[in-house]
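Text of query_36.cif, listed as mmCIF, C-alpha atoms:
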```
data_query
#
loop_
_atom_site.label_atom_id
_atom_site.label_comp_id
_atom_site.auth_asym_id
_atom_site.auth_seq_id
_atom_site.Cartn_x
_atom_site.Cartn_y
_atom_site.Cartn_z
CA MET A 1 -155.34 92.25 254.54
CA SER A 2 -157.25 95.14 253.08
CA ARG A 3 -161.04 95.22 253.30
CA ILE A 4 -161.36 96.21 249.64
CA ARG A 5 -159.26 93.71 247.74
CA ALA A 6 -158.73 91.55 244.68
CA GLU A 7 -158.16 88.36 246.67
CA PRO A 8 -161.06 86.03 247.52
CA LEU A 9 -163.20 86.97 250.54
CA ARG A 10 -163.36 84.79 253.61
CA LEU A 11 -166.32 84.58 255.94
CA ASP A 12 -164.25 83.03 258.72
CA GLU A 13 -162.14 86.15 259.12
CA LEU A 14 -165.29 88.28 259.46
CA ILE A 15 -166.82 85.89 261.98
CA ALA A 16 -163.59 86.02 263.98
CA ALA A 17 -163.67 89.82 263.85
CA VAL A 18 -167.17 90.09 265.36
CA SER A 19 -167.00 87.15 267.79
CA HIS A 20 -166.73 87.78 271.52
CA PRO A 21 -168.03 86.09 274.65
CA GLY A 22 -171.18 88.23 274.77
CA ALA A 23 -172.14 87.57 271.15
CA GLY A 24 -175.02 85.10 271.25
CA GLY A 25 -175.87 85.49 267.57
CA ILE A 26 -173.84 86.10 264.42
CA ALA A 27 -175.61 86.94 261.14
CA THR A 28 -173.71 86.86 257.85
CA PHE A 29 -174.45 87.90 254.28
CA LEU A 30 -172.67 87.05 251.04
CA GLY A 31 -173.38 88.92 247.82
CA VAL A 32 -172.67 86.49 244.96
CA VAL A 33 -172.32 87.09 241.22
CA ARG A 34 -175.45 85.81 239.53
CA ASP A 35 -175.88 84.44 236.01
CA VAL A 36 -178.75 86.73 234.95
CA ASN A 37 -179.44 90.44 235.46
CA GLU A 38 -182.67 91.99 234.19
CA GLY A 39 -183.15 89.19 231.72
CA ARG A 40 -179.63 89.38 230.29
CA SER A 41 -177.20 86.58 230.83
CA VAL A 42 -174.07 87.59 232.69
CA THR A 43 -170.71 85.93 232.20
CA LEU A 44 -168.39 88.33 234.02
CA LEU A 45 -168.58 91.32 236.34
CA GLU A 46 -165.61 93.67 236.52
CA TYR A 47 -165.59 95.48 239.85
CA GLU A 48 -163.74 98.76 240.18
CA ALA A 49 -163.27 100.78 243.37
CA TYR A 50 -162.00 104.20 244.32
CA GLY A 51 -159.89 102.23 246.74
CA THR A 52 -158.79 104.75 249.33
CA MET A 53 -162.25 106.27 249.61
CA ALA A 54 -164.00 102.88 249.62
CA GLU A 55 -161.83 101.83 252.57
CA ALA A 56 -162.54 105.08 254.39
CA GLU A 57 -166.27 104.99 253.64
CA LEU A 58 -166.52 101.40 254.82
CA GLU A 59 -164.75 102.40 258.04
CA ARG A 60 -167.32 105.18 258.51
CA VAL A 61 -170.21 102.77 257.88
CA LEU A 62 -168.84 100.28 260.40
CA SER A 63 -168.37 103.00 263.04
CA GLU A 64 -171.85 104.41 262.47
CA ILE A 65 -173.57 101.07 262.86
CA ALA A 66 -171.58 100.24 265.98
CA ALA A 67 -172.67 103.58 267.44
CA GLU A 68 -176.31 103.27 266.35
CA LEU A 69 -176.81 99.70 267.52
CA PRO A 70 -175.25 99.27 270.95
CA GLY A 71 -173.95 95.77 271.49
CA VAL A 72 -173.65 95.07 267.76
CA ARG A 73 -170.26 94.45 266.14
CA VAL A 74 -169.94 94.51 262.35
CA ALA A 75 -167.28 93.62 259.79
CA ALA A 76 -167.26 93.53 255.99
CA THR A 77 -165.04 93.07 252.97
CA HIS A 78 -165.60 93.79 249.26
CA ARG A 79 -163.83 92.27 246.31
CA VAL A 80 -162.66 94.06 243.15
CA GLY A 81 -161.44 92.81 239.80
CA ALA A 82 -162.93 90.30 237.37
CA LEU A 83 -165.52 88.08 239.09
CA HIS A 84 -167.41 85.18 237.59
CA VAL A 85 -170.77 83.60 238.34
CA GLY A 86 -170.69 82.17 241.86
CA ASP A 87 -167.86 84.38 243.10
CA VAL A 88 -168.46 86.28 246.34
CA ALA A 89 -168.36 90.04 245.72
CA VAL A 90 -169.19 91.26 249.21
CA ALA A 91 -169.19 89.61 252.63
CA CYS A 92 -170.74 90.95 255.84
CA ALA A 93 -171.04 89.78 259.42
CA ALA A 94 -172.77 91.22 262.47
CA SER A 95 -172.82 89.91 266.01
CA ALA A 96 -175.10 90.83 268.90
CA PRO A 97 -176.24 89.32 272.18
CA HIS A 98 -179.43 88.12 270.43
CA ARG A 99 -180.42 87.24 266.88
CA ALA A 100 -182.78 90.15 266.14
CA GLU A 101 -180.04 92.75 266.52
CA ALA A 102 -177.54 90.59 264.66
CA PHE A 103 -179.86 90.32 261.63
CA ARG A 104 -180.68 94.01 261.86
CA GLY A 105 -177.01 94.97 261.96
CA CYS A 106 -176.15 92.75 259.03
CA ARG A 107 -179.01 94.15 256.93
CA LEU A 108 -178.03 97.73 257.74
CA LEU A 109 -174.44 96.95 256.85
CA ILE A 110 -175.08 95.53 253.39
CA ASP A 111 -177.62 98.27 252.61
CA ARG A 112 -175.17 101.05 253.47
CA ILE A 113 -172.34 99.36 251.62
CA LYS A 114 -174.47 99.26 248.48
CA GLU A 115 -175.66 102.84 248.91
CA ARG A 116 -172.35 104.46 249.68
CA LEU A 117 -169.15 102.62 248.85
CA PRO A 118 -167.54 104.05 245.71
CA ILE A 119 -167.48 100.76 243.85
CA TRP A 120 -168.78 100.05 240.34
CA LYS A 121 -169.28 97.01 238.20
CA ARG A 122 -169.11 96.48 234.45
CA GLU A 123 -171.36 93.70 233.35
CA HIS A 124 -170.31 91.47 230.46
CA GLY A 125 -172.94 89.56 228.52
CA PRO A 126 -174.12 88.93 224.96
CA ASP A 127 -174.59 92.67 224.26
CA GLY A 128 -171.09 93.63 225.33
CA PRO A 129 -169.88 95.37 228.49
CA TYR A 130 -171.69 98.20 230.25
CA TRP A 131 -171.49 99.95 233.62
CA VAL A 132 -174.36 98.91 235.85
CA GLY A 133 -176.54 101.91 236.69
CA TRP A 134 -174.84 104.38 234.35
CA GLU A 135 -177.44 104.64 231.62
CA ASP A 136 -180.18 104.91 234.24
CA ALA A 137 -178.27 107.94 235.51
CA ARG A 138 -178.98 109.95 232.35
CA CYS A 139 -180.96 113.09 233.15
CA ALA A 140 -181.84 111.80 236.61
CA GLY A 141 -181.07 115.36 237.69
CA GLU A 142 -184.32 116.53 236.10
CA HIS A 143 -186.12 114.73 238.88
CA GLY A 144 -183.75 115.47 241.71
CA HIS A 145 -181.22 113.01 242.99
CA GLU A 146 -182.77 109.63 242.45
CA ALA A 147 -181.55 106.68 244.38
CA PRO A 148 -179.58 104.46 242.07
CA HIS A 149 -181.58 101.54 240.80
CA GLY A 150 -180.21 98.31 242.09
CA HIS A 151 -178.80 96.27 239.28
CA ALA A 152 -176.54 94.03 241.19
CA HIS A 153 -176.83 90.38 241.64
CA GLY A 154 -178.76 87.98 243.78
CA ASP A 155 -179.93 90.08 246.67
CA GLU A 156 -181.71 92.63 244.52
CA GLU A 157 -185.42 92.95 244.47
CA PRO A 158 -186.88 93.94 241.12
CA HIS A 159 -187.64 97.65 240.86
CA GLY A 160 -189.85 97.53 237.82
CA HIS A 161 -189.19 101.12 236.66
CA GLY A 162 -192.85 101.93 237.08
CA HIS A 163 -194.19 99.33 234.73
CA GLY A 164 -194.45 96.25 236.79
CA GLY A 165 -191.07 94.57 236.73
CA THR A 166 -190.75 90.90 237.49
CA ALA A 167 -187.77 88.94 238.55
CA PRO A 168 -185.89 87.51 235.60
CA PRO A 169 -186.50 83.80 235.29
CA GLY A 170 -183.65 81.66 236.38
CA SER A 171 -182.23 84.42 238.52
CA ALA A 172 -180.09 82.86 241.17
CA GLY A 173 -179.12 84.74 244.18
CA ALA A 174 -178.30 85.32 247.77
CA MET B 1 -159.47 115.19 239.32
CA LEU B 2 -160.25 111.49 239.38
CA ALA B 3 -163.10 109.89 237.40
CA PHE B 4 -164.45 106.37 237.67
CA ALA B 5 -166.54 103.87 235.73
CA GLY B 6 -168.92 105.52 233.24
CA ALA B 7 -167.60 109.01 233.99
CA ARG B 8 -164.06 107.89 233.21
CA ASP B 9 -165.21 106.44 229.90
CA VAL B 10 -166.77 109.80 228.95
CA LEU B 11 -163.59 111.69 229.89
CA GLY B 12 -161.40 109.12 228.19
CA THR B 13 -159.09 109.04 231.19
CA GLY B 14 -159.21 108.33 234.90
CA GLU B 15 -157.33 111.43 235.93
CA VAL B 16 -157.25 114.94 234.53
CA ALA B 17 -155.80 118.20 235.70
CA LEU B 18 -158.56 120.74 236.06
CA PRO B 19 -157.62 124.37 235.68
CA LEU B 20 -159.66 126.48 238.09
CA ALA B 21 -159.60 130.25 238.35
CA GLY B 22 -159.81 129.99 242.13
CA PRO B 23 -161.46 128.15 244.99
CA CYS B 24 -165.03 127.10 244.28
CA THR B 25 -167.78 124.88 245.64
CA ALA B 26 -168.35 121.24 244.75
CA ALA B 27 -171.47 122.24 242.77
CA GLU B 28 -169.51 124.85 240.81
CA LEU B 29 -166.77 122.35 240.10
CA LEU B 30 -169.28 119.87 238.69
CA GLU B 31 -170.79 122.61 236.50
CA HIS B 32 -167.32 123.50 235.28
CA VAL B 33 -166.45 119.87 234.50
CA CYS B 34 -169.71 119.30 232.63
CA ALA B 35 -169.15 122.46 230.58
CA ARG B 36 -165.67 121.24 229.70
CA TYR B 37 -166.85 117.69 228.96
CA PRO B 38 -170.36 118.05 227.48
CA GLY B 39 -170.75 114.26 227.33
CA LEU B 40 -171.14 114.31 231.10
CA GLY B 41 -174.04 116.78 230.96
CA PRO B 42 -176.89 114.24 230.82
CA TYR B 43 -175.47 112.50 233.89
CA LYS B 44 -174.80 115.61 235.93
CA GLY B 45 -177.72 115.10 238.32
CA SER B 46 -176.48 111.64 239.25
CA ILE B 47 -172.78 112.34 239.71
CA ARG B 48 -171.59 113.09 243.21
CA VAL B 49 -168.36 114.90 243.99
CA ALA B 50 -165.96 113.61 246.60
CA VAL B 51 -163.28 115.85 248.10
CA ASN B 52 -160.34 114.15 249.77
CA GLY B 53 -162.20 110.86 249.93
CA VAL B 54 -165.43 112.16 251.46
CA TYR B 55 -168.74 112.85 249.70
CA ALA B 56 -169.10 116.61 249.39
CA THR B 57 -172.31 118.58 249.74
CA PRO B 58 -172.94 121.04 246.88
CA SER B 59 -171.77 124.00 248.98
CA ASP B 60 -168.57 122.37 250.25
CA PRO B 61 -165.42 124.24 249.22
CA VAL B 62 -162.87 122.84 246.80
CA GLY B 63 -159.40 124.26 246.91
CA PHE B 64 -156.07 123.79 245.22
CA GLY B 65 -154.42 120.54 246.15
CA ASP B 66 -157.64 118.78 247.14
CA GLU B 67 -158.16 115.32 245.68
CA VAL B 68 -161.43 115.69 243.80
CA ALA B 69 -163.31 112.73 242.32
CA LEU B 70 -166.41 112.27 240.19
CA ILE B 71 -168.55 109.51 241.71
CA PRO B 72 -171.13 108.05 239.31
CA PRO B 73 -174.03 106.09 240.83
CA VAL B 74 -172.34 103.39 242.86
CA ALA B 75 -173.00 99.73 242.19
CA GLY B 76 -171.13 97.75 244.77
CA GLY B 77 -172.38 94.54 246.26
#
```
Please go through the file and, once you have read it, give me the structure as structure tokens.
Amino acid sequence: MSRIRAEPLRLDELIAAVSHPGAGGIATFLGVVRDVNEGRSVTLLEYEAYGTMAEAELERVLSEIAAELPGVRVAATHRVGALHVGDVAVACAASAPHRAEAFRGCRLLIDRIKERLPIWKREHGPDGPYWVGWEDARCAGEHGHEAPHGHAHGDEEPHGHGHGGTAPPGSAGA
Amino acid sequence: MLAFAGARDVLGTGEVALPLAGPCTAAELLEHVCARYPGLGPYKGSIRVAVNGVYATPSDPVGFGDEVALIPPVAGG
């Protein structure tokens, strides 16, 4: 089954993919659709991917991490389509002989997925739908290429936009 | 040329044919697209260009037959 797909994600298939006799630790991460983003309630996230490139970019990310962290095996899948609160949008697993490298590999994996995979989400809430990150992109070129602000779900830390952001109350998350 | 998410909404379509006078760089292509679709202008600094499924650097060449895509700030995860 494709790594970028509309069907539900399964952690057991990722664990199977990274398991081997020398793997003494397996770290996993699930990114889950959360009910609040930046103070707005969220009812639905529509994920869209540039599918062929997302598959290829994920393959490159997996190969890079395997090369950078000897002994670490990684696997990941990402879902597309209409996802609701509680649905798993991304799933990652990393194995290593010991836990430190497994956690490190898993962290690197989710970070690179979020930085690089050509995947977008349209958030639906009381104010209507909008593409996460798009309005923040206006005139970002004036200041060079800014890293996209993270506006995803549970695993995000608040960025604050320079005026002391706080986590939205009631924000669930991974 | 393919366009996704917010960039597709500005173009009004996910795929357009882009007439080019000749081969150019990824940066020149983005300039050309933003001139043709002024609504993209404010976002130009945040849009990356991919050529044949790989992020292009500004100086990378774009030729006829390449699959070119506008990549707005990604928001996976």
Item to check | Residues selected by the PyMOL selection byres ((chain B) within 9 of (chain A)), written as a list in words | outcome: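 Against this file, the PyMOL selection byres ((chain B) within 9 of (chain A)) returns the residues Leu2, Phe4, Ala5, Gly6, Ala7, Gly41, Pro42, Tyr43, Lys44, Gly45, Ser46, Ile47, Ala50, Asn52, Gly53, Val54, Ala69, Ile71, Pro72, Pro73, Val74, Ala75, Gly76 and Gly77 of chain B.
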Spell out the residues picked by the PyMOL selection byres ((chain B and resi 1) around 10) here, as a compact mmCIF listing (two decimals) with C-alpha atoms, in the coordinates of the input.
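Produced file result.txt, reproduced below:
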```txt
# COMPACT_ATOMS: atom_id res chain seq x y z
CA LEU B 2 -160.25 111.49 239.38
CA ALA B 3 -163.10 109.89 237.40
CA GLY B 14 -159.21 108.33 234.90
CA GLU B 15 -157.33 111.43 235.93
CA VAL B 16 -157.25 114.94 234.53
CA ALA B 17 -155.80 118.20 235.70
CA LEU B 18 -158.56 120.74 236.06
CA VAL B 33 -166.45 119.87 234.50
CA ALA B 50 -165.96 113.61 246.60
CA VAL B 51 -163.28 115.85 248.10
CA ASP B 66 -157.64 118.78 247.14
CA GLU B 67 -158.16 115.32 245.68
CA VAL B 68 -161.43 115.69 243.80
CA ALA B 69 -163.31 112.73 242.32
CA LEU B 70 -166.41 112.27 240.19
```
Next on the checklist: Under the PyMOL selection byres ((chain A and resi 66) around 12), which residues of this model are included? Write them out as a PyMOL selection string.
Outcome noted: chain A and resi 18+59-65+67-75+94-96+101-102+104-106+108-109
Next on the checklist: If I take atom CA of Val62 of chain B and atom CA of Arg48 of chain B, how far is one from the other in Å, to one decimal?
Outcome noted: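 Separation between atom CA of Val62 of chain B and atom CA of Arg48 of chain B: 13.6 Å.
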Checklist entry - Could you list as number ranges by chain every residue that has an atom within 9 Å of (-166.0, 123.4, 236.9), using the file's coordinates and counting all atoms listed in the file? => result B: 18-20, 24, 26-36
Next on the checklist: Quick check, in Å to one decimal: how far apart do atom CA of Arg8 of chain B and atom CA of Ser2 of chain A lie?
Outcome noted: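 Going from atom CA of Arg8 of chain B over to atom CA of Ser2 of chain A covers 24.6 Å.
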Next on the checklist: Just the number, please: distance in Å from atom CA of Val85 of chain A to atom CA of His124 of chain A, one decimal.
Outcome noted: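 Interatomic distance, atom CA of Val85 of chain A to atom CA of His124 of chain A: 11.1 Å.
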Enclose the full set of atoms of segment 99-114 of chain A listed in the file within a box whose edges lie along x, y and z, apply 8 Å of padding to each of the six sides, and report centre and edge lengths in Å to one decimal as AutoDock Vina command-line options.
```
--center_x -177.6 --center_y 94.1 --center_z 257.7 --size_x 26.4 --size_y 29.8 --size_z 34.4
```
Item to check | Best match for closeness to Gly128 of chain A among A:Thr43, A:Thr77, A:Ser19, A:Asn37, counting only C-alpha atoms | outcome: A:Thr43
